[in-house]
file data10.txt (compact mmCIF, C-alpha atoms)
# COMPACT_ATOMS: atom_id res chain seq x y z
CA MET A 1 -25.70 26.70 0.31
CA ASN A 2 -27.81 24.14 -1.56
CA THR A 3 -28.20 20.95 0.46
CA ASP A 4 -30.67 19.17 -1.82
CA PRO A 5 -29.48 15.50 -1.71
CA LYS A 6 -31.02 14.74 -5.12
CA LYS A 7 -29.06 17.55 -6.72
CA HIS A 8 -25.86 16.49 -4.96
CA GLY A 9 -26.47 12.91 -6.10
CA THR A 10 -26.94 14.09 -9.69
CA ILE A 11 -23.75 16.13 -9.57
CA HIS A 12 -21.84 13.20 -8.13
CA PHE A 13 -23.22 10.88 -10.82
CA LEU A 14 -22.27 13.30 -13.59
CA PHE A 15 -18.81 13.66 -12.09
CA ILE A 16 -18.33 9.89 -12.18
CA ILE A 17 -19.45 9.81 -15.83
CA PHE A 18 -16.96 12.56 -16.65
CA VAL A 19 -14.09 10.79 -14.90
CA CYS A 20 -14.92 7.51 -16.63
CA PHE A 21 -15.06 9.32 -19.98
CA LEU A 22 -11.68 10.90 -19.34
CA CYS A 23 -10.20 7.55 -18.32
CA SER A 24 -11.64 5.71 -21.32
CA HIS A 25 -9.86 8.21 -23.59
CA ALA A 26 -6.60 8.25 -21.69
CA ASP A 27 -4.93 6.23 -24.45
CA LEU A 28 -5.49 9.19 -26.76
CA LEU A 29 -3.40 11.40 -24.53
CA GLY A 30 -0.24 9.52 -25.44
CA LYS A 31 2.70 11.52 -24.25
CA GLU A 32 0.45 14.33 -23.03
CA GLN A 33 0.11 12.54 -19.72
CA HIS A 34 0.38 15.86 -17.86
CA LEU A 35 -3.17 16.62 -18.98
CA VAL A 36 -4.27 14.06 -16.40
CA TRP A 37 -1.51 14.40 -13.79
CA LYS A 38 -1.14 18.18 -14.32
CA THR A 39 2.63 17.93 -13.91
CA SER A 40 4.92 14.98 -14.35
CA PRO A 41 7.17 13.97 -11.44
CA ILE A 42 10.91 14.32 -12.01
CA ARG A 43 13.98 12.78 -10.38
CA LEU A 44 16.51 14.94 -8.53
CA HIS A 45 19.50 14.07 -6.33
CA LEU A 46 20.83 15.60 -3.14
CA GLU A 47 24.51 16.32 -2.71
CA ASN A 48 24.98 12.91 -1.07
CA ARG A 49 23.15 11.21 -3.99
CA ILE A 50 19.87 10.53 -2.16
CA PRO A 51 17.27 10.31 -4.96
CA VAL A 52 14.38 12.77 -4.68
CA ILE A 53 11.16 12.34 -6.63
CA TYR A 54 9.65 15.80 -6.98
CA GLU A 55 6.15 16.71 -8.14
CA GLN A 56 4.91 20.28 -8.21
CA ASP A 57 1.26 20.63 -7.20
CA VAL A 58 0.08 24.22 -6.72
CA SER A 59 -3.46 23.25 -5.69
CA SER A 60 -2.62 24.06 -2.06
CA LYS A 61 0.20 25.69 -0.12
CA ILE A 62 1.01 22.44 1.63
CA THR A 63 4.07 20.25 1.23
CA VAL A 64 4.04 16.49 1.73
CA LEU A 65 7.30 14.55 1.98
CA GLN A 66 7.76 10.83 2.40
CA PHE A 67 11.07 9.27 3.36
CA PHE A 68 11.28 5.64 2.20
CA PHE A 69 13.87 3.30 3.72
CA VAL A 70 14.44 0.04 1.83
CA GLY A 71 14.24 -3.08 3.98
CA GLY A 72 11.07 -3.45 6.01
CA LYS A 73 10.09 -6.91 7.22
CA GLN A 74 12.31 -8.60 4.64
CA ALA A 75 15.44 -7.12 6.24
CA GLU A 76 14.64 -8.34 9.75
CA PRO A 77 16.79 -11.14 11.21
CA GLU A 78 15.08 -14.41 11.98
CA ASN A 79 13.12 -14.43 15.27
CA LYS A 80 13.28 -10.62 15.54
CA GLN A 81 10.05 -9.71 13.81
CA GLY A 82 8.99 -6.13 14.49
CA LEU A 83 12.53 -4.72 14.34
CA SER A 84 11.82 -2.57 11.28
CA TYR A 85 8.73 -1.02 12.88
CA ILE A 86 10.32 -0.27 16.24
CA THR A 87 13.45 1.23 14.63
CA THR A 88 11.45 3.52 12.33
CA ARG A 89 9.18 4.49 15.20
CA LEU A 90 12.16 5.47 17.35
CA ALA A 91 13.57 7.53 14.47
CA LEU A 92 10.45 9.66 14.77
CA GLU A 93 10.27 9.86 18.58
CA ILE A 94 9.94 13.46 19.79
CA PRO A 95 12.74 13.99 22.32
CA ASP A 96 11.19 16.65 24.57
CA ARG A 97 8.21 18.91 25.23
CA GLN A 98 9.78 21.92 23.56
CA THR A 99 10.15 20.06 20.27
CA ALA A 100 6.53 18.93 20.51
CA GLN A 101 5.44 22.54 20.98
CA GLU A 102 7.43 23.59 17.91
CA PHE A 103 5.57 21.03 15.82
CA LEU A 104 2.22 22.24 17.16
CA LEU A 105 3.03 25.88 16.43
CA GLN A 106 4.03 25.01 12.86
CA ALA A 107 0.97 22.77 12.30
CA THR A 108 3.33 20.02 11.14
CA GLN A 109 2.04 16.45 11.01
CA PHE A 110 4.14 13.34 10.78
CA LEU A 111 3.55 9.60 10.90
CA MET A 112 5.30 6.36 10.03
CA HIS A 113 4.49 2.90 8.77
CA SER A 114 6.45 -0.27 8.15
CA GLU A 115 5.75 -2.58 5.22
CA ASN A 116 7.08 -5.82 3.76
CA ASP A 117 9.95 -4.28 1.78
CA TYR A 118 10.36 -0.82 3.28
CA SER A 119 9.42 1.54 6.06
CA ALA A 120 8.38 5.16 5.58
CA ILE A 121 8.08 8.46 7.44
CA THR A 122 5.55 11.02 6.18
CA VAL A 123 5.75 14.76 6.91
CA SER A 124 2.97 17.22 6.05
CA CYS A 125 3.29 20.92 6.71
CA LEU A 126 2.46 24.41 5.49
CA SER A 127 4.94 25.13 2.74
CA GLU A 128 6.00 28.36 4.46
CA ASN A 129 7.10 26.24 7.45
CA LEU A 130 8.93 23.58 5.44
CA LYS A 131 12.45 24.77 6.21
CA ASP A 132 11.85 24.89 9.96
CA SER A 133 9.94 21.60 9.97
CA LEU A 134 12.75 19.82 8.13
CA GLY A 135 15.21 21.25 10.64
CA ILE A 136 13.33 19.63 13.52
CA ILE A 137 12.69 16.35 11.68
CA SER A 138 16.34 16.00 10.67
CA ARG A 139 17.52 16.54 14.25
CA ILE A 140 15.29 13.70 15.40
CA MET A 141 15.71 11.34 12.46
CA LEU A 142 19.47 11.61 12.00
CA LYS A 143 20.29 11.29 15.69
CA PRO A 144 17.51 9.32 17.42
CA LEU A 145 17.52 8.39 21.08
CA PHE A 146 17.44 4.65 21.71
CA SER A 147 16.78 4.67 25.44
CA GLY A 148 15.47 1.64 27.33
CA ILE A 149 12.39 3.51 28.52
CA ARG A 150 11.42 4.52 24.97
CA ILE A 151 12.06 1.03 23.61
CA ASN A 152 9.92 -0.64 26.27
CA ARG A 153 7.09 1.83 25.79
CA ILE A 154 7.02 1.28 22.02
CA LYS A 155 7.16 -2.50 22.46
CA GLU A 156 4.13 -2.30 24.74
CA ASN A 157 2.34 -0.16 22.18
CA MET A 158 3.17 -2.68 19.44
CA LEU A 159 1.69 -5.54 21.46
CA ASN A 160 -1.48 -3.51 21.97
CA ARG A 161 -1.65 -2.79 18.23
CA LYS A 162 -1.18 -6.49 17.60
CA LYS A 163 -4.19 -7.27 19.85
CA ILE A 164 -6.31 -4.71 18.04
CA GLU A 165 -5.17 -6.15 14.70
CA LEU A 166 -6.24 -9.65 15.74
CA ASP A 167 -9.62 -8.41 16.98
CA ASP A 168 -10.60 -7.11 13.55
CA SER A 169 -11.85 -9.77 11.12
CA ARG A 170 -10.40 -7.99 8.07
CA ASN A 171 -6.93 -7.81 9.62
CA MET A 172 -7.19 -11.38 10.87
CA ALA A 173 -8.07 -12.58 7.38
CA TYR A 174 -5.22 -10.63 5.76
CA GLN A 175 -2.59 -11.93 8.18
CA ASN A 176 -3.73 -15.54 7.96
CA ILE A 177 -3.93 -15.48 4.16
CA MET A 178 -0.37 -14.12 4.16
CA ASN A 179 0.69 -16.94 6.48
CA LEU A 180 -0.82 -19.61 4.22
CA LEU A 181 0.56 -18.20 0.96
CA PHE A 182 4.00 -17.06 2.09
CA GLU A 183 5.03 -19.27 4.98
CA GLY A 184 8.75 -19.03 5.70
CA THR A 185 9.39 -16.12 3.34
CA GLY A 186 9.56 -13.21 5.79
CA TYR A 187 6.21 -11.92 4.57
CA ASP A 188 4.29 -14.25 6.87
CA HIS A 189 4.16 -12.20 10.06
CA SER A 190 2.79 -8.93 11.38
CA VAL A 191 4.89 -5.76 11.19
CA TYR A 192 4.37 -5.56 14.96
CA GLY A 193 6.06 -8.92 15.54
CA ASN A 194 4.89 -10.91 18.54
CA GLU A 195 5.63 -11.12 22.24
CA ALA A 196 8.44 -13.64 21.80
CA SER A 197 10.17 -11.76 18.96
CA LEU A 198 9.96 -8.40 20.72
CA LYS A 199 11.65 -9.89 23.78
CA GLN A 200 14.55 -10.90 21.52
CA ILE A 201 15.06 -7.34 20.21
CA SER A 202 17.73 -5.44 22.15
CA LYS A 203 18.94 -1.87 22.04
CA LYS A 204 22.00 -3.14 20.17
CA ASP A 205 19.78 -4.77 17.51
CA ILE A 206 17.87 -1.52 17.00
CA SER A 207 21.05 0.54 16.76
CA HIS A 208 22.52 -1.85 14.19
CA PHE A 209 19.33 -1.98 12.12
CA TYR A 210 19.21 1.83 12.10
CA LYS A 211 22.83 2.05 10.91
CA ILE A 212 22.28 -0.27 7.96
CA SER A 213 18.82 1.04 6.99
CA PHE A 214 18.96 4.82 7.45
CA THR A 215 21.69 5.52 4.91
CA SER A 216 21.81 7.65 1.78
CA GLN A 217 22.02 4.58 -0.49
CA ASN A 218 19.00 3.07 1.20
CA THR A 219 16.74 6.14 1.15
CA ILE A 220 14.31 7.64 -1.35
CA ILE A 221 12.56 10.97 -0.71
CA VAL A 222 9.29 11.80 -2.49
CA VAL A 223 7.92 15.35 -2.41
CA SER A 224 4.68 16.95 -3.58
CA SER A 225 4.62 20.72 -3.06
CA ASN A 226 3.62 24.06 -4.50
CA LEU A 227 7.24 25.15 -3.98
CA ASP A 228 9.64 24.98 -6.92
CA LYS A 229 12.29 22.27 -7.24
CA GLU A 230 15.14 24.68 -6.45
CA THR A 231 13.61 25.58 -3.08
CA ILE A 232 12.91 21.93 -2.27
CA SER A 233 16.47 20.91 -3.18
CA GLU A 234 17.93 23.72 -1.10
CA HIS A 235 15.95 22.80 2.03
CA LEU A 236 16.59 19.08 1.71
CA ASN A 237 20.31 19.53 1.07
CA GLN A 238 20.60 21.82 4.06
CA HIS A 239 19.18 19.21 6.43
CA PHE A 240 19.68 15.76 4.86
CA ALA A 241 22.84 15.95 2.75
CA ARG A 242 24.67 14.93 5.94
CA MET A 243 22.85 11.59 6.18
CA LYS A 244 25.62 9.00 6.44
CA ASN A 245 26.61 6.80 3.55
CA GLY A 246 26.45 3.04 3.65
CA PRO A 247 25.85 0.09 1.33
CA ALA A 248 22.35 -0.50 0.09
CA LEU A 249 20.64 -3.48 1.69
CA PRO A 250 20.90 -6.50 -0.64
CA PHE A 251 17.82 -7.78 -2.42
CA LYS A 252 16.59 -10.89 -0.63
CA GLU A 253 15.31 -13.63 -2.92
CA ILE A 254 12.55 -15.87 -1.59
CA THR A 255 11.40 -19.36 -2.53
CA HIS A 256 7.71 -20.16 -2.87
CA HIS A 257 7.06 -23.59 -1.43
CA PRO A 258 4.02 -25.73 -2.31
CA LEU A 259 0.99 -24.77 -0.26
CA LYS A 260 0.85 -26.88 2.91
CA GLU A 261 -2.62 -25.79 4.00
CA LYS A 262 -5.40 -24.36 1.86
CA TYR A 263 -8.29 -23.98 4.29
CA LEU A 264 -8.52 -22.37 7.72
CA HIS A 265 -11.61 -21.71 9.86
CA LEU A 266 -11.03 -19.37 12.79
CA SER A 267 -13.72 -19.42 15.44
CA LYS A 268 -15.13 -16.05 16.44
CA GLU A 269 -18.50 -15.44 18.07
CA THR A 270 -20.10 -12.85 15.80
CA GLN A 271 -23.37 -12.41 13.92
CA GLN A 272 -21.47 -12.33 10.61
CA THR A 273 -19.01 -14.63 8.87
CA TYR A 274 -16.02 -13.25 7.01
CA PHE A 275 -14.67 -15.07 3.94
CA CYS A 276 -11.27 -14.38 2.42
CA ILE A 277 -9.92 -16.26 -0.58
CA GLY A 278 -6.30 -15.66 -1.54
CA TYR A 279 -4.10 -16.31 -4.57
CA ARG A 280 -0.41 -15.72 -5.16
CA LEU A 281 0.53 -13.23 -7.87
CA PRO A 282 3.62 -13.42 -10.12
CA PRO A 283 6.63 -11.12 -9.52
CA ILE A 284 5.88 -7.47 -10.14
CA THR A 285 6.44 -6.03 -13.61
CA ARG A 286 4.62 -3.20 -15.35
CA LYS A 287 2.39 -5.65 -17.21
CA ASN A 288 1.75 -7.89 -14.20
CA TYR A 289 0.94 -4.86 -12.06
CA VAL A 290 -1.71 -3.41 -14.38
CA CYS A 291 -3.19 -6.89 -14.98
CA ALA A 292 -3.51 -7.31 -11.22
CA LEU A 293 -5.21 -3.92 -10.88
CA MET A 294 -7.60 -4.83 -13.67
CA LEU A 295 -8.44 -8.19 -12.09
CA GLU A 296 -9.03 -6.44 -8.76
CA ASN A 297 -11.50 -4.04 -10.38
CA LEU A 298 -13.13 -6.77 -12.47
CA LEU A 299 -13.80 -8.90 -9.40
CA GLY A 300 -14.79 -6.55 -6.65
CA ARG A 301 -14.49 -2.82 -7.24
CA GLY A 302 -17.86 -1.18 -7.70
CA ILE A 303 -21.40 -1.98 -8.78
CA GLU A 304 -20.46 -3.56 -12.13
CA SER A 305 -17.96 -6.01 -10.64
CA GLN A 306 -18.31 -9.78 -10.86
CA LEU A 307 -19.00 -10.09 -7.13
CA TRP A 308 -21.67 -7.40 -6.95
CA PRO A 309 -24.65 -9.70 -7.79
CA LEU A 310 -23.90 -11.66 -4.60
CA ARG A 311 -24.86 -8.54 -2.69
CA LYS A 312 -27.53 -6.88 -4.81
CA GLU A 313 -29.37 -9.73 -6.51
CA LYS A 314 -28.81 -12.83 -4.39
CA LYS A 315 -28.66 -10.96 -1.05
CA LEU A 316 -25.87 -13.26 0.09
CA ALA A 317 -23.44 -10.61 1.36
CA TYR A 318 -23.21 -7.36 3.28
CA ASN A 319 -19.90 -6.50 1.62
CA VAL A 320 -17.92 -7.83 -1.33
CA SER A 321 -14.53 -6.62 -2.55
CA ALA A 322 -11.17 -7.59 -3.98
CA GLN A 323 -7.76 -6.33 -2.92
CA VAL A 324 -4.31 -6.58 -4.53
CA SER A 325 -1.15 -6.34 -2.41
CA TYR A 326 2.22 -6.33 -4.15
CA PHE A 327 5.67 -6.87 -2.63
CA LYS A 328 9.15 -6.88 -4.13
CA ASN A 329 9.24 -10.67 -4.46
CA ALA A 330 5.58 -11.53 -4.91
CA GLY A 331 2.01 -10.39 -4.62
CA MET A 332 -1.39 -11.44 -3.38
CA LEU A 333 -4.98 -11.16 -4.56
CA GLU A 334 -7.68 -11.32 -1.88
CA VAL A 335 -11.36 -11.88 -2.64
CA LEU A 336 -13.50 -10.81 0.32
CA LEU A 337 -17.08 -11.44 1.37
CA GLU A 338 -19.02 -10.77 4.58
CA THR A 339 -22.35 -12.53 5.14
CA GLU A 340 -24.90 -13.66 7.72
CA ASN A 341 -24.09 -16.86 9.58
CA SER A 342 -27.24 -18.48 8.17
CA LYS A 343 -26.02 -17.93 4.58
CA ILE A 344 -22.49 -19.30 4.93
CA ASP A 345 -22.86 -22.36 2.69
CA SER A 346 -24.75 -20.70 -0.15
CA ALA A 347 -22.49 -17.63 -0.07
CA GLN A 348 -19.33 -19.73 -0.23
CA GLU A 349 -20.71 -21.88 -3.04
CA SER A 350 -21.78 -18.85 -5.09
CA LEU A 351 -18.45 -17.11 -4.54
CA ASN A 352 -16.47 -20.16 -5.67
CA THR A 353 -18.74 -20.54 -8.70
CA ILE A 354 -17.98 -16.98 -9.85
CA LEU A 355 -14.24 -17.51 -9.46
CA ASP A 356 -14.30 -20.89 -11.21
CA ASN A 357 -16.36 -19.53 -14.12
CA LEU A 358 -13.88 -16.69 -14.60
CA TYR A 359 -11.01 -19.19 -14.48
CA SER A 360 -12.63 -21.42 -17.09
CA ASN A 361 -14.29 -18.89 -19.40
CA GLY A 362 -12.52 -15.56 -18.95
CA ILE A 363 -14.22 -12.35 -20.07
CA HIS A 364 -15.42 -10.89 -23.38
CA SER A 365 -14.35 -7.69 -25.11
CA GLU A 366 -17.10 -5.50 -23.63
CA GLU A 367 -16.14 -6.56 -20.11
CA LEU A 368 -12.49 -5.82 -20.88
CA MET A 369 -13.35 -2.32 -22.06
CA MET A 370 -15.40 -1.63 -18.94
CA THR A 371 -12.66 -3.06 -16.71
CA LYS A 372 -10.09 -0.74 -18.28
CA THR A 373 -12.33 2.27 -17.71
CA PHE A 374 -12.98 1.45 -14.06
CA THR A 375 -9.31 0.63 -13.41
CA LYS A 376 -8.20 3.99 -14.76
CA SER A 377 -10.90 5.81 -12.81
CA SER A 378 -9.99 3.93 -9.62
CA PHE A 379 -6.29 4.76 -10.02
CA LEU A 380 -7.14 8.44 -10.43
CA ARG A 381 -9.28 8.50 -7.30
CA LEU A 382 -6.74 6.62 -5.21
CA ASN A 383 -4.01 9.09 -6.18
CA GLU A 384 -5.97 12.30 -5.85
CA THR A 385 -4.19 13.79 -2.83
CA LYS A 386 -0.56 14.78 -2.38
CA ARG A 387 -0.09 12.18 0.33
CA SER A 388 -1.53 9.34 -1.74
CA ARG A 389 0.53 10.26 -4.81
CA THR A 390 3.79 10.49 -2.87
CA ASN A 391 3.02 7.09 -1.36
CA THR A 392 2.36 5.55 -4.79
CA LEU A 393 5.46 7.14 -6.33
CA GLY A 394 7.60 5.79 -3.50
CA PHE A 395 6.05 2.35 -3.89
CA PHE A 396 6.77 2.35 -7.64
CA CYS A 397 10.42 3.26 -7.03
CA ILE A 398 10.89 0.63 -4.29
CA MET A 399 9.30 -2.04 -6.52
CA GLY A 400 11.56 -1.12 -9.44
CA LEU A 401 8.73 0.22 -11.63
CA GLU A 402 10.15 3.77 -11.63
CA LEU A 403 8.51 7.01 -12.77
CA GLU A 404 7.72 6.00 -16.33
CA ALA A 405 5.28 3.35 -15.12
CA PHE A 406 3.42 5.94 -13.02
CA GLN A 407 3.32 8.49 -15.82
CA ASN A 408 2.14 5.96 -18.42
CA ILE A 409 -0.19 3.85 -16.27
CA PHE A 410 -3.20 4.53 -18.50
CA ALA A 411 -1.33 3.57 -21.65
CA ASP A 412 -0.15 0.37 -19.96
CA ILE A 413 -3.74 -0.47 -18.99
CA GLN A 414 -4.96 0.26 -22.51
CA SER A 415 -2.28 -2.00 -24.01
CA ILE A 416 -3.67 -5.15 -22.34
CA GLY A 417 -5.49 -7.20 -24.95
CA LEU A 418 -8.32 -9.67 -24.43
CA GLU A 419 -6.03 -12.67 -24.87
CA ASP A 420 -3.52 -11.18 -22.41
CA MET A 421 -6.18 -10.62 -19.78
CA ASN A 422 -7.83 -14.00 -20.12
CA SER A 423 -4.46 -15.72 -19.97
CA TYR A 424 -3.65 -13.82 -16.79
CA ILE A 425 -7.04 -14.69 -15.23
CA HIS A 426 -6.52 -18.36 -16.08
CA GLU A 427 -3.06 -18.32 -14.50
CA ILE A 428 -4.08 -16.57 -11.27
CA LEU A 429 -7.52 -18.04 -10.49
CA ASN A 430 -6.50 -21.68 -10.76
CA PRO A 431 -8.55 -23.43 -8.03
CA GLU A 432 -5.48 -25.51 -7.14
CA ASN A 433 -3.70 -22.32 -6.03
CA ARG A 434 -6.56 -21.03 -3.88
CA VAL A 435 -6.43 -20.68 -0.10
CA THR A 436 -9.48 -19.88 2.04
CA VAL A 437 -9.79 -18.31 5.47
CA ILE A 438 -13.19 -18.18 7.19
CA ILE A 439 -13.72 -16.18 10.37
CA GLY A 440 -16.92 -16.76 12.28
CA SER A 441 -18.89 -19.24 14.35
CA GLU A 442 -18.04 -22.91 13.94
call {"tool": "encode", "arguments": {"input": "data10.txt", "output": "structure tokens"}}
result
Amino acid sequence: MNTDPKKHGTIHFLFIIFVCFLCSHADLLGKEQHLVWKTSPIRLHLENRIPVIYEQDVSSKITVLQFFFVGGKQAEPENKQGLSYITTRLALEIPDRQTAQEFLLQATQFLMHSENDYSAITVSCLSENLKDSLGIISRIMLKPLFSGIRINRIKENMLNRKKIELDDSRNMAYQNIMNLLFEGTGYDHSVYGNEASLKQISKKDISHFYKISFTSQNTIIVVSSNLDKETISEHLNQHFARMKNGPALPFKEITHHPLKEKYLHLSKETQQTYFCIGYRLPPITRKNYVCALMLENLLGRGIESQLWPLRKEKKLAYNVSAQVSYFKNAGMLEVLLETENSKIDSAQESLNTILDNLYSNGIHSEELMMTKTFTKSSFLRLNETKRSRTNTLGFFCIMGLELEAFQNIFADIQSIGLEDMNSYIHEILNPENRVTVIIGSE
């Protein structure tokens, strides 16, 4: 096997050029979107009307399923933050040692996560074991055990996760930016809740939240597998067509209040200082979503981004990046920078200058073309695996973007004109709408 790093670097560079070339010509594919995605996802329904998004991917004999349950943090009652997480976690709790051994023998993996507008359970297994794996998962998920011992153990685990979350500067910045931008909306707290809210959550609360969340009208299943759709439908109907019916959780409107606080400095004794600047994004639509992705890539994704000179040329940062987070009711753009304590003032000034120049002057046509290319390439890379694609497909469905937006993402990116993009930049990067969180020594 050739281990020459120069050769590997050349191959990697050529691969990037090829991907960028493919992305830059994605608009020419038109309706032939399967040339990029190989196969287009389709919508099926189980006997109890649970929607199933199915994508056939024969690259491996592995099946990935994600069960999405609408609700998440937004469905939690006031003062009971963490209820969505603990309920979903209990719906995945292995009841006994024998069941655990069955999972090990089948090489089945499963995990869960709770988000702002939904929670999800992911199952990955060898396709030949799918039927048996679904049998075990359905027994656990459709009839979970809400015992006091299990509840207390998970609450303790959540508090530990909360401590770990607050010890990491990136997580601290994210949570505090959320608090500043979305105070009082339901988005402004950790999925793990806090000590006070967890004390308020009873077994009765968990049981009720499960009954209203884990219903056929509140569930979306996304599957990526080498198995055909008939086999997938048969296995899912056998094990999940008996999921109980119930009304879908109502959409919860939120009100954005004027920003009360725009600057927060959190003291932390480290050798580095972490900057995070946040902006609210408008409600999610196909156009707003691709504009947000493009602004994310323009600002801080890769060596040609606007922030990159702060690292390479001015030596003012260890890391620079930008991150978009979208929710059902809103969204957030974060601009991130990590620097030495001795360079705090100059780094902050330079960062604000870049953002203000973009706000005032926008970009030119060559920058727009490059941004489109990198955005397409980034979307391809981020959705390369079965697990990542099922997660994105589920997100699109929860957000109301549906399959067409996923299938035509490149065409949507290509449709953004220079005036559209500059107007969007001017709307989002208004300095009056900026909040800043700094984590480091006072």
call {"tool": "residues_around", "arguments": {"input": "data10.txt", "residues": "segment 313-318 of chain A", "least_positions_apart": "3", "cutoff": "12 Å", "atoms": "only C-alpha atoms", "output": "VMD selection string"}}
result
chain A and resid 271 to 275 303 306 to 310 321 336 to 351
call {"tool": "atom_distance", "arguments": {"input": "data10.txt", "atom1": "atom CA of His189 of chain A", "atom2": "atom CA of Asn176 of chain A"}}
result
8.8 Å
call {"tool": "residues_around", "arguments": {"input": "data10.txt", "residues": "segment 295-301 of chain A", "least_positions_apart": "4", "cutoff": "8 Å", "atoms": "only C-alpha atoms", "output": "PyMOL selection string"}}
result
chain A and resi 291+305-308+320-324+333+335+371+374-375+425
call {"tool": "closest_residue", "arguments": {"input": "data10.txt", "among": "A:Glu432, A:Asp420, A:Met294, A:Leu92", "to": "Leu259 of chain A", "atoms": "all atoms listed in the file"}}
result
A:Glu432
call {"tool": "closest_residue", "arguments": {"input": "data10.txt", "among": "A:Ser267, A:Asn218, A:Asn352, A:Asn152", "to": "Ala173 of chain A", "atoms": "all atoms listed in the file"}}
result
A:Ser267
call {"tool": "residues_around", "arguments": {"input": "data10.txt", "residues": "Thr385 of chain A", "least_positions_apart": "5", "cutoff": "10 Å", "atoms": "all atoms listed in the file", "output": "list in words"}}
result
Asp57, Ser59, Val64, Ser224, Leu380, Thr390 and Asn391 of chain A
call {"tool": "residues_around", "arguments": {"input": "data10.txt", "residues": "Ser84 of chain A", "least_positions_apart": "2", "cutoff": "12 Å", "atoms": "only C-alpha atoms", "output": "ChimeraX atom specification"}}
result
/A:69-77,80-82,86-91,112-120,158,190-193,198,201,205-214
call {"tool": "write_last_selection", "arguments": {"input": "data10.txt", "atoms": "C-alpha atoms", "output": "tab-separated table (two decimals), keeping the file's coordinate frame"}}
result
chain	number	residue	atom	x	y	z
A	69	PHE	CA	13.87	3.30	3.72
A	70	VAL	CA	14.44	0.04	1.83
A	71	GLY	CA	14.24	-3.08	3.98
A	72	GLY	CA	11.07	-3.45	6.01
A	73	LYS	CA	10.09	-6.91	7.22
A	74	GLN	CA	12.31	-8.60	4.64
A	75	ALA	CA	15.44	-7.12	6.24
A	76	GLU	CA	14.64	-8.34	9.75
A	77	PRO	CA	16.79	-11.14	11.21
A	80	LYS	CA	13.28	-10.62	15.54
A	81	GLN	CA	10.05	-9.71	13.81
A	82	GLY	CA	8.99	-6.13	14.49
A	86	ILE	CA	10.32	-0.27	16.24
A	87	THR	CA	13.45	1.23	14.63
A	88	THR	CA	11.45	3.52	12.33
A	89	ARG	CA	9.18	4.49	15.20
A	90	LEU	CA	12.16	5.47	17.35
A	91	ALA	CA	13.57	7.53	14.47
A	112	MET	CA	5.30	6.36	10.03
A	113	HIS	CA	4.49	2.90	8.77
A	114	SER	CA	6.45	-0.27	8.15
A	115	GLU	CA	5.75	-2.58	5.22
A	116	ASN	CA	7.08	-5.82	3.76
A	117	ASP	CA	9.95	-4.28	1.78
A	118	TYR	CA	10.36	-0.82	3.28
A	119	SER	CA	9.42	1.54	6.06
A	120	ALA	CA	8.38	5.16	5.58
A	158	MET	CA	3.17	-2.68	19.44
A	190	SER	CA	2.79	-8.93	11.38
A	191	VAL	CA	4.89	-5.76	11.19
A	192	TYR	CA	4.37	-5.56	14.96
A	193	GLY	CA	6.06	-8.92	15.54
A	198	LEU	CA	9.96	-8.40	20.72
A	201	ILE	CA	15.06	-7.34	20.21
A	205	ASP	CA	19.78	-4.77	17.51
A	206	ILE	CA	17.87	-1.52	17.00
A	207	SER	CA	21.05	0.54	16.76
A	208	HIS	CA	22.52	-1.85	14.19
A	209	PHE	CA	19.33	-1.98	12.12
A	210	TYR	CA	19.21	1.83	12.10
A	211	LYS	CA	22.83	2.05	10.91
A	212	ILE	CA	22.28	-0.27	7.96
A	213	SER	CA	18.82	1.04	6.99
A	214	PHE	CA	18.96	4.82	7.45
call {"tool": "residues_near_point", "arguments": {"input": "data10.txt", "point": "(2.5, 2.8, -13.7)", "cutoff": "10 Å", "atoms": "only C-alpha atoms", "output": "ChimeraX atom specification"}}
result
/A:285-287,289-290,379,392-393,396,401-413
call {"tool": "closest_residue", "arguments": {"input": "data10.txt", "among": "A:Ala107, A:Tyr85, A:Gln98, A:Pro144", "to": "Leu159 of chain A", "atoms": "all atoms listed in the file"}}
result
A:Tyr85
call {"tool": "atom_distance", "arguments": {"input": "data10.txt", "atom1": "atom CA of Tyr54 of chain A", "atom2": "atom CA of Leu249 of chain A"}}
result
23.8 Å
call {"tool": "atom_distance", "arguments": {"input": "data10.txt", "atom1": "atom CA of Ser360 of chain A", "atom2": "atom CA of Arg170 of chain A"}}
result
28.6 Å
call {"tool": "residues_around", "arguments": {"input": "data10.txt", "residues": "Lys163 of chain A", "least_positions_apart": "2", "cutoff": "12 Å", "atoms": "all atoms listed in the file", "output": "ChimeraX atom specification"}}
result
/A:156-161,165-169,171-172,190,192-195
call {"tool": "closest_residue", "arguments": {"input": "data10.txt", "among": "A:Lys38, A:His256, A:Lys262, A:Lys204", "to": "Ala330 of chain A", "atoms": "all atoms listed in the file"}}
result
A:His256
call {"tool": "axis_aligned_box", "arguments": {"input": "data10.txt", "around": "segment 254-260 of chain A", "padding_each_side": "3 Å", "output": "AutoDock Vina command-line options"}}
result
--center_x 6.7 --center_y -21.4 --center_z 0.0 --size_x 17.7 --size_y 17.0 --size_z 11.8
call {"tool": "closest_residue", "arguments": {"input": "data10.txt", "among": "A:Thr231, A:Phe110, A:Leu142, A:Arg280", "to": "Pro258 of chain A", "atoms": "only C-alpha atoms"}}
result
A:Arg280
call {"tool": "closest_residue", "arguments": {"input": "data10.txt", "among": "A:Ile416, A:Ile438, A:Leu355, A:Ala241", "to": "Glu47 of chain A", "atoms": "all atoms listed in the file"}}
result
A:Ala241
